[in-house]
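See below for coords_30.pdb, which holds PDB, C-alpha atoms and all ligand atoms.
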ATOM      1  CA  MET U  30      -0.770  -4.051  -0.975  1.00  0.00           C
ATOM      2  CA  SER U  31       2.094  -5.180  -3.123  1.00  0.00           C
ATOM      3  CA  SER U  32       1.784  -8.865  -2.468  1.00  0.00           C
ATOM      4  CA  SER U  33       4.669 -11.233  -2.434  1.00  0.00           C
ATOM      5  CA  SER U  34       3.089 -14.556  -3.201  1.00  0.00           C
ATOM      6  CA  SER U  35       5.836 -16.249  -1.190  1.00  0.00           C
ATOM      7  CA  PHE U  36       4.252 -15.236   2.137  1.00  0.00           C
ATOM      8  CA  ASN U  37       2.590 -18.208   3.771  1.00  0.00           C
ATOM      9  CA  ALA U  38       0.616 -17.188   6.868  1.00  0.00           C
ATOM     10  CA  LYS U  39       0.455 -20.669   8.393  1.00  0.00           C
ATOM     11  CA  GLU U  40       4.167 -21.329   7.898  1.00  0.00           C
ATOM     12  CA  HIS U  41       4.964 -17.913   9.359  1.00  0.00           C
ATOM     13  CA  GLN U  42       2.838 -18.603  12.439  1.00  0.00           C
ATOM     14  CA  LYS U  43       4.491 -21.981  12.819  1.00  0.00           C
ATOM     15  CA  MET U  44       7.947 -20.395  12.748  1.00  0.00           C
ATOM     16  CA  LEU U  45       6.925 -17.733  15.293  1.00  0.00           C
ATOM     17  CA  ARG U  46       5.280 -20.278  17.596  1.00  0.00           C
ATOM     18  CA  SER U  47       8.350 -22.442  17.564  1.00  0.00           C
ATOM     19  CA  TYR U  48      10.721 -19.483  18.096  1.00  0.00           C
ATOM     20  CA  PHE U  49       8.688 -17.979  20.969  1.00  0.00           C
ATOM     21  CA  ASN U  50       8.294 -21.333  22.667  1.00  0.00           C
ATOM     22  CA  GLY U  51      12.035 -21.933  22.386  1.00  0.00           C
ATOM     23  CA  ASN U  52      14.992 -19.534  22.097  1.00  0.00           C
ATOM     24  CA  GLY U  53      12.645 -16.596  21.789  1.00  0.00           C
ATOM     25  CA  PHE U  54      11.033 -17.380  25.110  1.00  0.00           C
ATOM     26  CA  SER U  55      14.285 -17.324  27.056  1.00  0.00           C
ATOM     27  CA  ARG U  56      15.572 -14.248  25.226  1.00  0.00           C
ATOM     28  CA  TRP U  57      12.459 -12.139  25.603  1.00  0.00           C
ATOM     29  CA  ALA U  58      11.561 -13.390  29.087  1.00  0.00           C
ATOM     30  CA  SER U  59      14.965 -12.219  30.278  1.00  0.00           C
ATOM     31  CA  ILE U  60      14.594  -8.853  28.514  1.00  0.00           C
ATOM     32  CA  TYR U  61      11.159  -8.401  30.108  1.00  0.00           C
ATOM     33  CA  GLY U  62      12.311  -9.716  33.480  1.00  0.00           C
ATOM     34  CA  ASN U  63      15.033  -8.722  35.937  1.00  0.00           C
ATOM     35  CA  ASP U  64      18.018 -10.731  34.662  1.00  0.00           C
ATOM     36  CA  LYS U  65      21.327  -8.965  34.181  1.00  0.00           C
ATOM     37  CA  LEU U  66      21.617  -8.084  30.484  1.00  0.00           C
ATOM     38  CA  SER U  67      24.246  -7.020  27.963  1.00  0.00           C
ATOM     39  CA  THR U  68      24.309  -3.278  27.208  1.00  0.00           C
ATOM     40  CA  VAL U  69      22.515  -3.787  23.898  1.00  0.00           C
ATOM     41  CA  ARG U  70      19.685  -5.783  25.405  1.00  0.00           C
ATOM     42  CA  SER U  71      19.357  -3.532  28.402  1.00  0.00           C
ATOM     43  CA  THR U  72      18.608  -0.647  25.998  1.00  0.00           C
ATOM     44  CA  VAL U  73      15.884  -2.844  24.502  1.00  0.00           C
ATOM     45  CA  ARG U  74      14.460  -3.395  28.007  1.00  0.00           C
ATOM     46  CA  GLN U  75      14.547   0.327  28.755  1.00  0.00           C
ATOM     47  CA  GLY U  76      13.109   1.335  25.394  1.00  0.00           C
ATOM     48  CA  HIS U  77      10.295  -1.180  25.828  1.00  0.00           C
ATOM     49  CA  ALA U  78       9.548   0.267  29.282  1.00  0.00           C
ATOM     50  CA  VAL U  79       9.392   3.785  27.790  1.00  0.00           C
ATOM     51  CA  MET U  80       6.993   2.531  25.102  1.00  0.00           C
ATOM     52  CA  MET U  81       4.776   0.802  27.693  1.00  0.00           C
ATOM     53  CA  ASP U  82       4.607   3.941  29.868  1.00  0.00           C
ATOM     54  CA  GLU U  83       3.555   6.001  26.874  1.00  0.00           C
ATOM     55  CA  ALA U  84       1.012   3.406  25.737  1.00  0.00           C
ATOM     56  CA  PHE U  85      -0.435   3.172  29.222  1.00  0.00           C
ATOM     57  CA  ALA U  86      -0.839   6.960  29.316  1.00  0.00           C
ATOM     58  CA  TRP U  87      -2.713   6.750  25.984  1.00  0.00           C
ATOM     59  CA  ILE U  88      -5.021   4.080  27.430  1.00  0.00           C
ATOM     60  CA  GLU U  89      -5.745   6.226  30.481  1.00  0.00           C
ATOM     61  CA  LYS U  90      -6.590   9.180  28.222  1.00  0.00           C
ATOM     62  CA  LEU U  91      -9.358   7.118  26.604  1.00  0.00           C
ATOM     63  CA  ASN U  92     -11.305   7.443  29.876  1.00  0.00           C
ATOM     64  CA  LEU U  93     -12.746   3.976  29.525  1.00  0.00           C
ATOM     65  CA  PRO U  94     -15.206   3.000  32.254  1.00  0.00           C
ATOM     66  CA  LYS U  95     -13.985   0.936  35.185  1.00  0.00           C
ATOM     67  CA  GLY U  96     -13.882  -2.732  34.259  1.00  0.00           C
ATOM     68  CA  ALA U  97     -13.564  -1.969  30.523  1.00  0.00           C
ATOM     69  CA  THR U  98     -12.251  -4.904  28.515  1.00  0.00           C
ATOM     70  CA  ILE U  99      -8.914  -4.726  26.735  1.00  0.00           C
ATOM     71  CA  LEU U 100      -7.416  -7.336  24.457  1.00  0.00           C
ATOM     72  CA  ASP U 101      -3.637  -7.648  24.821  1.00  0.00           C
ATOM     73  CA  ALA U 102      -2.816  -9.383  21.549  1.00  0.00           C
ATOM     74  CA  GLY U 103       0.542 -11.128  21.732  1.00  0.00           C
ATOM     75  CA  CYS U 104       0.801 -10.522  25.475  1.00  0.00           C
ATOM     76  CA  GLY U 105       4.209 -12.179  25.881  1.00  0.00           C
ATOM     77  CA  THR U 106       5.110 -12.504  29.557  1.00  0.00           C
ATOM     78  CA  GLY U 107       2.126 -10.327  30.431  1.00  0.00           C
ATOM     79  CA  LEU U 108       3.831  -7.087  31.463  1.00  0.00           C
ATOM     80  CA  PHE U 109       1.127  -4.866  29.982  1.00  0.00           C
ATOM     81  CA  SER U 110      -1.784  -7.196  30.809  1.00  0.00           C
ATOM     82  CA  ILE U 111      -0.747  -7.200  34.458  1.00  0.00           C
ATOM     83  CA  ARG U 112      -0.402  -3.438  34.507  1.00  0.00           C
ATOM     84  CA  LEU U 113      -3.875  -3.065  33.009  1.00  0.00           C
ATOM     85  CA  ALA U 114      -5.348  -5.513  35.504  1.00  0.00           C
ATOM     86  CA  GLU U 115      -3.645  -3.733  38.406  1.00  0.00           C
ATOM     87  CA  ASN U 116      -5.407  -0.586  37.220  1.00  0.00           C
ATOM     88  CA  GLY U 117      -8.890  -2.077  37.134  1.00  0.00           C
ATOM     89  CA  TYR U 118      -9.255  -3.131  33.489  1.00  0.00           C
ATOM     90  CA  ARG U 119     -10.485  -6.592  32.541  1.00  0.00           C
ATOM     91  CA  VAL U 120      -8.001  -8.143  30.177  1.00  0.00           C
ATOM     92  CA  LYS U 121      -7.984 -10.832  27.542  1.00  0.00           C
ATOM     93  CA  ALA U 122      -4.339 -11.888  27.206  1.00  0.00           C
ATOM     94  CA  VAL U 123      -3.595 -13.899  24.092  1.00  0.00           C
ATOM     95  CA  ASP U 124      -0.329 -15.265  22.776  1.00  0.00           C
ATOM     96  CA  ILE U 125       0.653 -17.797  20.148  1.00  0.00           C
ATOM     97  CA  ALA U 126       3.262 -19.326  22.493  1.00  0.00           C
ATOM     98  CA  SER U 127       1.995 -21.417  25.401  1.00  0.00           C
ATOM     99  CA  GLN U 128       5.296 -20.751  27.218  1.00  0.00           C
ATOM    100  CA  MET U 129       4.551 -17.017  27.163  1.00  0.00           C
ATOM    101  CA  VAL U 130       0.963 -17.490  28.338  1.00  0.00           C
ATOM    102  CA  GLY U 131       2.204 -19.779  31.131  1.00  0.00           C
ATOM    103  CA  LYS U 132       4.690 -17.158  32.340  1.00  0.00           C
ATOM    104  CA  ALA U 133       2.092 -14.360  32.088  1.00  0.00           C
ATOM    105  CA  LYS U 134      -0.328 -16.436  34.176  1.00  0.00           C
ATOM    106  CA  GLU U 135       2.339 -17.228  36.766  1.00  0.00           C
ATOM    107  CA  ASP U 136       3.309 -13.552  37.160  1.00  0.00           C
ATOM    108  CA  ALA U 137      -0.316 -12.392  37.255  1.00  0.00           C
ATOM    109  CA  THR U 138      -1.031 -14.944  39.971  1.00  0.00           C
ATOM    110  CA  ALA U 139       2.008 -13.803  41.973  1.00  0.00           C
ATOM    111  CA  LYS U 140       0.754 -10.216  41.724  1.00  0.00           C
ATOM    112  CA  GLY U 141      -2.792 -11.167  42.732  1.00  0.00           C
ATOM    113  CA  VAL U 142      -4.506 -10.064  39.502  1.00  0.00           C
ATOM    114  CA  ALA U 143      -5.002 -13.355  37.646  1.00  0.00           C
ATOM    115  CA  ASN U 144      -8.762 -13.093  38.290  1.00  0.00           C
ATOM    116  CA  MET U 145      -8.868  -9.942  36.118  1.00  0.00           C
ATOM    117  CA  ILE U 146      -7.227 -11.668  33.148  1.00  0.00           C
ATOM    118  CA  ASP U 147      -8.589 -14.271  30.777  1.00  0.00           C
ATOM    119  CA  PHE U 148      -5.571 -16.053  29.255  1.00  0.00           C
ATOM    120  CA  GLU U 149      -5.667 -17.857  25.944  1.00  0.00           C
ATOM    121  CA  VAL U 150      -3.150 -19.522  23.688  1.00  0.00           C
ATOM    122  CA  ASN U 151      -4.271 -18.208  20.319  1.00  0.00           C
ATOM    123  CA  THR U 152      -3.089 -16.046  17.454  1.00  0.00           C
ATOM    124  CA  ILE U 153      -3.734 -12.404  16.684  1.00  0.00           C
ATOM    125  CA  GLU U 154      -5.198 -13.567  13.367  1.00  0.00           C
ATOM    126  CA  GLU U 155      -7.720 -15.917  14.976  1.00  0.00           C
ATOM    127  CA  VAL U 156      -8.645 -14.497  18.376  1.00  0.00           C
ATOM    128  CA  LYS U 157     -12.347 -13.589  18.665  1.00  0.00           C
ATOM    129  CA  GLY U 158     -14.524 -11.325  20.824  1.00  0.00           C
ATOM    130  CA  GLN U 159     -15.375  -7.650  21.243  1.00  0.00           C
ATOM    131  CA  TYR U 160     -13.300  -5.357  23.415  1.00  0.00           C
ATOM    132  CA  ASP U 161     -13.312  -1.715  24.466  1.00  0.00           C
ATOM    133  CA  ALA U 162      -9.772  -1.427  23.150  1.00  0.00           C
ATOM    134  CA  VAL U 163      -7.106  -3.611  21.600  1.00  0.00           C
ATOM    135  CA  VAL U 164      -3.376  -3.347  22.229  1.00  0.00           C
ATOM    136  CA  CYS U 165      -0.672  -5.182  20.346  1.00  0.00           C
ATOM    137  CA  PHE U 166       2.917  -4.399  21.221  1.00  0.00           C
ATOM    138  CA  ASP U 167       6.042  -5.607  19.467  1.00  0.00           C
ATOM    139  CA  VAL U 168       4.185  -8.427  17.743  1.00  0.00           C
ATOM    140  CA  LEU U 169       3.478  -6.939  14.307  1.00  0.00           C
ATOM    141  CA  ILE U 170       7.209  -6.172  14.068  1.00  0.00           C
ATOM    142  CA  HIS U 171       7.522  -9.864  13.253  1.00  0.00           C
ATOM    143  CA  TYR U 172       5.229  -9.615  10.226  1.00  0.00           C
ATOM    144  CA  PRO U 173       5.979  -8.588   6.650  1.00  0.00           C
ATOM    145  CA  ALA U 174       3.421  -6.212   5.115  1.00  0.00           C
ATOM    146  CA  GLU U 175       1.194  -9.005   3.726  1.00  0.00           C
ATOM    147  CA  GLY U 176       0.876 -10.757   7.089  1.00  0.00           C
ATOM    148  CA  PHE U 177       0.555  -7.450   8.859  1.00  0.00           C
ATOM    149  CA  VAL U 178      -2.631  -6.544   6.958  1.00  0.00           C
ATOM    150  CA  ASN U 179      -4.167  -9.916   7.603  1.00  0.00           C
ATOM    151  CA  ALA U 180      -3.512  -9.750  11.348  1.00  0.00           C
ATOM    152  CA  PHE U 181      -4.518  -6.096  11.542  1.00  0.00           C
ATOM    153  CA  GLN U 182      -7.783  -6.873   9.766  1.00  0.00           C
ATOM    154  CA  ASN U 183      -8.765  -9.322  12.491  1.00  0.00           C
ATOM    155  CA  LEU U 184      -7.644  -7.054  15.342  1.00  0.00           C
ATOM    156  CA  SER U 185      -9.558  -4.088  13.939  1.00  0.00           C
ATOM    157  CA  SER U 186     -12.747  -6.178  13.754  1.00  0.00           C
ATOM    158  CA  LEU U 187     -12.561  -6.851  17.508  1.00  0.00           C
ATOM    159  CA  THR U 188     -13.183  -3.300  18.686  1.00  0.00           C
ATOM    160  CA  LYS U 189     -15.241  -0.251  17.804  1.00  0.00           C
ATOM    161  CA  SER U 190     -12.661   1.819  19.598  1.00  0.00           C
ATOM    162  CA  PRO U 191      -8.926   2.146  19.302  1.00  0.00           C
ATOM    163  CA  ILE U 192      -6.116  -0.200  18.525  1.00  0.00           C
ATOM    164  CA  ILE U 193      -2.867   0.875  20.080  1.00  0.00           C
ATOM    165  CA  PHE U 194       0.043  -0.997  18.587  1.00  0.00           C
ATOM    166  CA  THR U 195       3.669  -0.841  17.587  1.00  0.00           C
ATOM    167  CA  TYR U 196       5.392  -1.606  14.320  1.00  0.00           C
ATOM    168  CA  ALA U 197       8.860  -1.166  12.928  1.00  0.00           C
ATOM    169  CA  PRO U 198       8.900   1.713  10.430  1.00  0.00           C
ATOM    170  CA  TYR U 199      11.245   1.271   7.498  1.00  0.00           C
ATOM    171  CA  ASN U 200      14.631   2.880   7.998  1.00  0.00           C
ATOM    172  CA  ARG U 201      17.592   2.204   5.716  1.00  0.00           C
ATOM    173  CA  ILE U 202      20.230   2.196   8.428  1.00  0.00           C
ATOM    174  CA  LEU U 203      18.182  -0.076  10.657  1.00  0.00           C
ATOM    175  CA  ALA U 204      17.453  -2.316   7.705  1.00  0.00           C
ATOM    176  CA  PHE U 205      21.184  -2.773   7.336  1.00  0.00           C
ATOM    177  CA  GLN U 206      21.678  -3.372  11.069  1.00  0.00           C
ATOM    178  CA  HIS U 207      18.936  -5.958  11.078  1.00  0.00           C
ATOM    179  CA  TRP U 208      20.432  -7.581   8.045  1.00  0.00           C
ATOM    180  CA  LEU U 209      23.705  -7.828   9.908  1.00  0.00           C
ATOM    181  CA  GLY U 210      21.836  -9.400  12.774  1.00  0.00           C
ATOM    182  CA  GLY U 211      22.135  -8.861  16.463  1.00  0.00           C
ATOM    183  CA  TYR U 212      19.066  -9.734  18.447  1.00  0.00           C
ATOM    184  CA  PHE U 213      18.303 -13.159  17.144  1.00  0.00           C
ATOM    185  CA  PRO U 214      19.883 -16.528  16.490  1.00  0.00           C
ATOM    186  CA  LYS U 215      21.349 -16.730  12.993  1.00  0.00           C
ATOM    187  CA  LYS U 216      18.594 -18.646  11.270  1.00  0.00           C
ATOM    188  CA  GLU U 217      15.898 -16.307  12.605  1.00  0.00           C
ATOM    189  CA  ARG U 218      17.659 -12.982  12.183  1.00  0.00           C
ATOM    190  CA  ARG U 219      16.000 -11.925   8.972  1.00  0.00           C
ATOM    191  CA  THR U 220      12.558 -13.260   9.758  1.00  0.00           C
ATOM    192  CA  THR U 221      11.909 -11.742  13.163  1.00  0.00           C
ATOM    193  CA  ILE U 222      12.004  -7.969  12.698  1.00  0.00           C
ATOM    194  CA  GLN U 223      10.134  -6.788   9.626  1.00  0.00           C
ATOM    195  CA  MET U 224      10.013  -3.144   8.713  1.00  0.00           C
ATOM    196  CA  ILE U 225       6.913  -1.622   7.171  1.00  0.00           C
ATOM    197  CA  ARG U 226       7.147   1.268   4.710  1.00  0.00           C
ATOM    198  CA  ASP U 227       4.886   4.312   5.091  1.00  0.00           C
ATOM    199  CA  GLU U 228       2.965   3.509   1.919  1.00  0.00           C
ATOM    200  CA  GLN U 229       2.371  -0.061   3.109  1.00  0.00           C
ATOM    201  CA  MET U 230       1.029   1.255   6.411  1.00  0.00           C
ATOM    202  CA  GLN U 231      -1.285   3.634   4.550  1.00  0.00           C
ATOM    203  CA  GLU U 232      -2.588   0.759   2.449  1.00  0.00           C
ATOM    204  CA  ALA U 233      -3.108  -1.341   5.569  1.00  0.00           C
ATOM    205  CA  MET U 234      -5.096   1.491   7.174  1.00  0.00           C
ATOM    206  CA  GLN U 235      -7.216   1.957   4.072  1.00  0.00           C
ATOM    207  CA  SER U 236      -8.010  -1.679   3.613  1.00  0.00           C
ATOM    208  CA  THR U 237      -9.082  -1.985   7.251  1.00  0.00           C
ATOM    209  CA  LYS U 238     -10.964   1.362   7.223  1.00  0.00           C
ATOM    210  CA  MET U 239      -8.856   2.600  10.091  1.00  0.00           C
ATOM    211  CA  ALA U 240      -7.253   6.004  10.498  1.00  0.00           C
ATOM    212  CA  VAL U 241      -4.178   7.009  12.429  1.00  0.00           C
ATOM    213  CA  LYS U 242      -5.020   9.225  15.371  1.00  0.00           C
ATOM    214  CA  THR U 243      -1.644   9.595  17.048  1.00  0.00           C
ATOM    215  CA  LYS U 244       1.803   8.188  16.494  1.00  0.00           C
ATOM    216  CA  LYS U 245       5.066   8.516  18.320  1.00  0.00           C
ATOM    217  CA  LYS U 246       8.471   7.192  17.411  1.00  0.00           C
ATOM    218  CA  ILE U 247      10.254   5.609  20.338  1.00  0.00           C
ATOM    219  CA  SER U 248      13.993   5.179  20.008  1.00  0.00           C
ATOM    220  CA  PHE U 249      16.185   4.151  22.856  1.00  0.00           C
ATOM    221  CA  GLY U 250      19.569   2.568  22.160  1.00  0.00           C
ATOM    222  CA  PHE U 251      18.775  -0.542  20.130  1.00  0.00           C
ATOM    223  CA  TYR U 252      15.019  -0.285  20.638  1.00  0.00           C
ATOM    224  CA  HIS U 253      13.244   1.482  17.771  1.00  0.00           C
ATOM    225  CA  THR U 254       9.526   1.329  17.282  1.00  0.00           C
ATOM    226  CA  MET U 255       6.542   3.361  16.169  1.00  0.00           C
ATOM    227  CA  LEU U 256       3.715   3.517  18.679  1.00  0.00           C
ATOM    228  CA  MET U 257       0.433   4.154  16.934  1.00  0.00           C
ATOM    229  CA  HIS U 258      -3.161   4.798  17.937  1.00  0.00           C
ATOM    230  CA  ALA U 259      -5.592   3.949  15.141  1.00  0.00           C
ATOM    231  CA  GLU U 260      -9.367   4.226  15.118  1.00  0.00           C
ATOM    232  CA  ARG U 261     -12.172   3.274  12.781  1.00  0.00           C
ATOM    233  CA  ARG U 262     -12.921   6.000  10.240  1.00  0.00           C
TER     234      ARG U 262
HETATM  235  C1  LIG U 301       8.534  -9.373  21.404  1.00  0.00           C
HETATM  236  S1  LIG U 301       7.231 -10.179  22.239  1.00  0.00           S
HETATM  237  C2  LIG U 301       6.193  -8.844  22.863  1.00  0.00           C
HETATM  238  C3  LIG U 301       5.349  -9.286  24.059  1.00  0.00           C
HETATM  239  C4  LIG U 301       4.443  -8.220  24.668  1.00  0.00           C
HETATM  240  N1  LIG U 301       3.471  -7.715  23.728  1.00  0.00           N
HETATM  241  C5  LIG U 301       5.254  -7.097  25.238  1.00  0.00           C
HETATM  242  O1  LIG U 301       5.430  -6.069  24.551  1.00  0.00           O
HETATM  243  O2  LIG U 301       5.724  -7.229  26.390  1.00  0.00           O
HETATM  244  C6  LIG U 301       6.266 -10.769  20.882  1.00  0.00           C
HETATM  245  C7  LIG U 301       5.167 -11.711  21.323  1.00  0.00           C
HETATM  246  O3  LIG U 301       4.274 -11.897  20.236  1.00  0.00           O
HETATM  247  C8  LIG U 301       3.843 -13.253  20.249  1.00  0.00           C
HETATM  248  N2  LIG U 301       3.344 -13.568  18.897  1.00  0.00           N
HETATM  249  C9  LIG U 301       4.047 -13.606  17.733  1.00  0.00           C
HETATM  250  N3  LIG U 301       3.219 -13.878  16.722  1.00  0.00           N
HETATM  251  C10 LIG U 301       1.988 -14.006  17.235  1.00  0.00           C
HETATM  252  C11 LIG U 301       0.707 -14.302  16.682  1.00  0.00           C
HETATM  253  N4  LIG U 301       0.549 -14.510  15.387  1.00  0.00           N
HETATM  254  N5  LIG U 301      -0.354 -14.377  17.506  1.00  0.00           N
HETATM  255  C12 LIG U 301      -0.195 -14.185  18.850  1.00  0.00           C
HETATM  256  N6  LIG U 301       0.997 -13.909  19.429  1.00  0.00           N
HETATM  257  C13 LIG U 301       2.068 -13.817  18.625  1.00  0.00           C
HETATM  258  C14 LIG U 301       5.090 -14.005  20.658  1.00  0.00           C
HETATM  259  O4  LIG U 301       4.815 -15.297  21.113  1.00  0.00           O
HETATM  260  C15 LIG U 301       5.649 -13.083  21.735  1.00  0.00           C
HETATM  261  O5  LIG U 301       5.156 -13.401  23.000  1.00  0.00           O
END
Could you rewrite the structure in this file as structure tokens?
Amino acid sequence: MSSSSSFNAKEHQKMLRSYFNGNGFSRWASIYGNDKLSTVRSTVRQGHAVMMDEAFAWIEKLNLPKGATILDAGCGTGLFSIRLAENGYRVKAVDIASQMVGKAKEDATAKGVANMIDFEVNTIEEVKGQYDAVVCFDVLIHYPAEGFVNAFQNLSSLTKSPIIFTYAPYNRILAFQHWLGGYFPKKERRTTIQMIRDEQMQEAMQSTKMAVKTKKKISFGFYHTMLMHAERR
């Protein structure tokens, strides 16, 4: 991995924790909730819903036994954790931001599935355990390649089976749009969405001994992501 020595994992986590417990919480909680949104953000909500439907179909295709355990790494407000729990999976829902975990717990309780979910305020780099599958949606998009590998290394050690995750593939036009800003407050614009080049993804897969099984680009309005299913080689 071409390493930029300027990446500081702890500082990066600190910035993300503070963003997702503050402005980031209100922004993303409204995107993932039912609030009325601007056109741009409502395409993000719809694109995210398309991605979750696809990811859920991939999970179902794994034919995991009833009660299988799934780690939702960076669970946010718990949309996917709750869906998994409603469908009989046992979930570990982890997020760096206590605000997010609090909201996920509240919604899971309201939907009557909190007993199927073990919530924890923790990071994707430090969470422990062994799971039948790991999912990590729209979290690694906030990591530059160096941090990505580090986080991915931990996540891949937590399962013998698949990791289903999203990342932002490099795209010149989107790079320019992100540079211009749009989703985030000024000071966080350039640090929140990080695009990964194909060669960086290949290096990440090699160094974690994982292989890509399936991938699907999901583009909907302002929501662009790559959904990927990786497994141990
Ligand atoms: C854009 S939201 C996605 C939430 C959820 N996965 C979803 O798709 O609905 C990103 C989430 O990642 C969490 N996050 C960011 N960095 C993290 C880290 N290092 N460890 C755990 N969670 C992290 C944030 O707090 C936030 O809840």
Write out, as CSV, each residue of chain U that has an atom at most 9 Å from ligand LIG 301 (chain U), together with the closest pair of atoms and their distance in Å to one decimal, counting only C-alpha atoms and all ligand atoms, rows going by chain and rising number.
residue,atom,partner,partner_atom,distance
U:Ala38,CA,U:LIG301,N4,8.9
U:His41,CA,U:LIG301,N4,8.2
U:Gln42,CA,U:LIG301,N4,5.5
U:Lys43,CA,U:LIG301,N4,8.8
U:Met44,CA,U:LIG301,N3,9.0
U:Leu45,CA,U:LIG301,N3,5.5
U:Arg46,CA,U:LIG301,O4,6.1
U:Ser47,CA,U:LIG301,O4,8.7
U:Tyr48,CA,U:LIG301,O4,7.8
U:Phe49,CA,U:LIG301,O4,4.7
U:Asn50,CA,U:LIG301,O4,7.1
U:Gly53,CA,U:LIG301,C15,7.8
U:Phe54,CA,U:LIG301,O5,7.4
U:Trp57,CA,U:LIG301,C1,6.4
U:Ala58,CA,U:LIG301,S1,8.7
U:Tyr61,CA,U:LIG301,O2,6.7
U:His77,CA,U:LIG301,O1,7.0
U:Ala78,CA,U:LIG301,O2,8.9
U:Met80,CA,U:LIG301,O1,8.8
U:Met81,CA,U:LIG301,O1,7.6
U:Asp101,CA,U:LIG301,N1,7.2
U:Ala102,CA,U:LIG301,C12,6.1
U:Gly103,CA,U:LIG301,N6,3.6
U:Cys104,CA,U:LIG301,N1,4.2
U:Gly105,CA,U:LIG301,O5,3.3
U:Thr106,CA,U:LIG301,O2,6.2
U:Gly107,CA,U:LIG301,O2,6.2
U:Leu108,CA,U:LIG301,O2,5.4
U:Phe109,CA,U:LIG301,O2,6.3
U:Ser110,CA,U:LIG301,O2,8.7
U:Val123,CA,U:LIG301,C12,6.3
U:Asp124,CA,U:LIG301,N6,3.8
U:Ile125,CA,U:LIG301,C12,3.9
U:Ala126,CA,U:LIG301,O4,4.5
U:Ser127,CA,U:LIG301,O4,8.0
U:Gln128,CA,U:LIG301,O4,8.2
U:Met129,CA,U:LIG301,O5,5.5
U:Val130,CA,U:LIG301,O5,7.9
U:Val150,CA,U:LIG301,C12,7.8
U:Asn151,CA,U:LIG301,C12,5.9
U:Thr152,CA,U:LIG301,N5,3.2
U:Ile153,CA,U:LIG301,N5,4.0
U:Glu154,CA,U:LIG301,N4,6.2
U:Glu155,CA,U:LIG301,N5,7.9
U:Val156,CA,U:LIG301,N5,8.3
U:Val164,CA,U:LIG301,N1,8.3
U:Cys165,CA,U:LIG301,N1,5.9
U:Phe166,CA,U:LIG301,N1,4.2
U:Asp167,CA,U:LIG301,C2,4.7
U:Val168,CA,U:LIG301,O3,4.3
U:Leu169,CA,U:LIG301,N3,7.4
U:Ile170,CA,U:LIG301,C1,8.1
U:His171,CA,U:LIG301,C9,6.8
U:Tyr172,CA,U:LIG301,N3,8.0
U:Ala180,CA,U:LIG301,N4,7.4
U:Thr195,CA,U:LIG301,O1,8.9
Query raised in the report: Using only C-alpha atoms, which of the listed residues (U:Ala122, U:Asp136, U:Arg56, U:Trp87) sits closest to U:Leu256?
Result: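 Of U:Ala122, U:Asp136, U:Arg56, U:Trp87, the one nearest U:Leu256 is U:Trp87, counting only C-alpha atoms.
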**Report entry** Contacts of U:Gly250 within 10 Å, all atoms listed in the file, excl. fewer than 4 positions in-chain, as a list in words
**Finding:** Thr68, Val69, Arg70, Ser71, Thr72, Val73, Arg74, Gln75 and Gly76 of chain U
Query raised in the report: Taking into account only C-alpha atoms, which residue in the set U:Ser59, U:Asn200, U:Ser186, U:Gln229 is nearest to U:Val163?
Result: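 Result for the nearest residue to U:Val163: U:Ser186.
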Query raised in the report: For U:Tyr199, which residue out of U:Gly158, U:Gly96, U:Gly62, U:Pro173 is the nearest one, using all atoms listed in the file?
Result: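 Closest to U:Tyr199, using all atoms listed in the file: U:Pro173.
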Could you list, as a CSV table (one decimal) with C-alpha atoms, keeping the file's coordinate frame, every residue matched by the PyMOL selection byres (((chain U and resi 159) around 6) and not hetatm) in this structure?
chain,number,residue,atom,x,y,z
U,158,GLY,CA,-14.5,-11.3,20.8
U,160,TYR,CA,-13.3,-5.4,23.4
U,187,LEU,CA,-12.6,-6.9,17.5
U,188,THR,CA,-13.2,-3.3,18.7
Export stretch 183-203 of chain U, C-alpha atoms, as a PDB file, in the first residue's frame; it's the structure right above.
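File produced: decode-v2.pdb:
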ATOM      1  CA  ASN U 183      -9.592  -6.381  11.846  1.00  0.00           C
ATOM      2  CA  LEU U 184     -12.995  -6.986  10.240  1.00  0.00           C
ATOM      3  CA  SER U 185     -11.665  -9.862   8.145  1.00  0.00           C
ATOM      4  CA  SER U 186     -10.242 -11.535  11.267  1.00  0.00           C
ATOM      5  CA  LEU U 187     -13.722 -11.638  12.836  1.00  0.00           C
ATOM      6  CA  THR U 188     -15.289 -14.103  10.417  1.00  0.00           C
ATOM      7  CA  LYS U 189     -14.426 -17.225   8.464  1.00  0.00           C
ATOM      8  CA  SER U 190     -17.198 -16.318   6.085  1.00  0.00           C
ATOM      9  CA  PRO U 191     -18.006 -13.234   4.090  1.00  0.00           C
ATOM     10  CA  ILE U 192     -17.632  -9.552   4.640  1.00  0.00           C
ATOM     11  CA  ILE U 193     -20.187  -7.544   2.750  1.00  0.00           C
ATOM     12  CA  PHE U 194     -19.248  -3.896   2.646  1.00  0.00           C
ATOM     13  CA  THR U 195     -19.330  -0.710   0.643  1.00  0.00           C
ATOM     14  CA  TYR U 196     -16.583   1.658  -0.394  1.00  0.00           C
ATOM     15  CA  ALA U 197     -16.300   4.631  -2.683  1.00  0.00           C
ATOM     16  CA  PRO U 198     -14.459   3.644  -5.871  1.00  0.00           C
ATOM     17  CA  TYR U 199     -12.257   6.332  -7.359  1.00  0.00           C
ATOM     18  CA  ASN U 200     -13.946   8.361 -10.067  1.00  0.00           C
ATOM     19  CA  ARG U 201     -12.486  11.589 -11.438  1.00  0.00           C
ATOM     20  CA  ILE U 202     -15.775  13.424 -11.807  1.00  0.00           C
ATOM     21  CA  LEU U 203     -16.916  12.435  -8.337  1.00  0.00           C
TER      22      LEU U 203
END
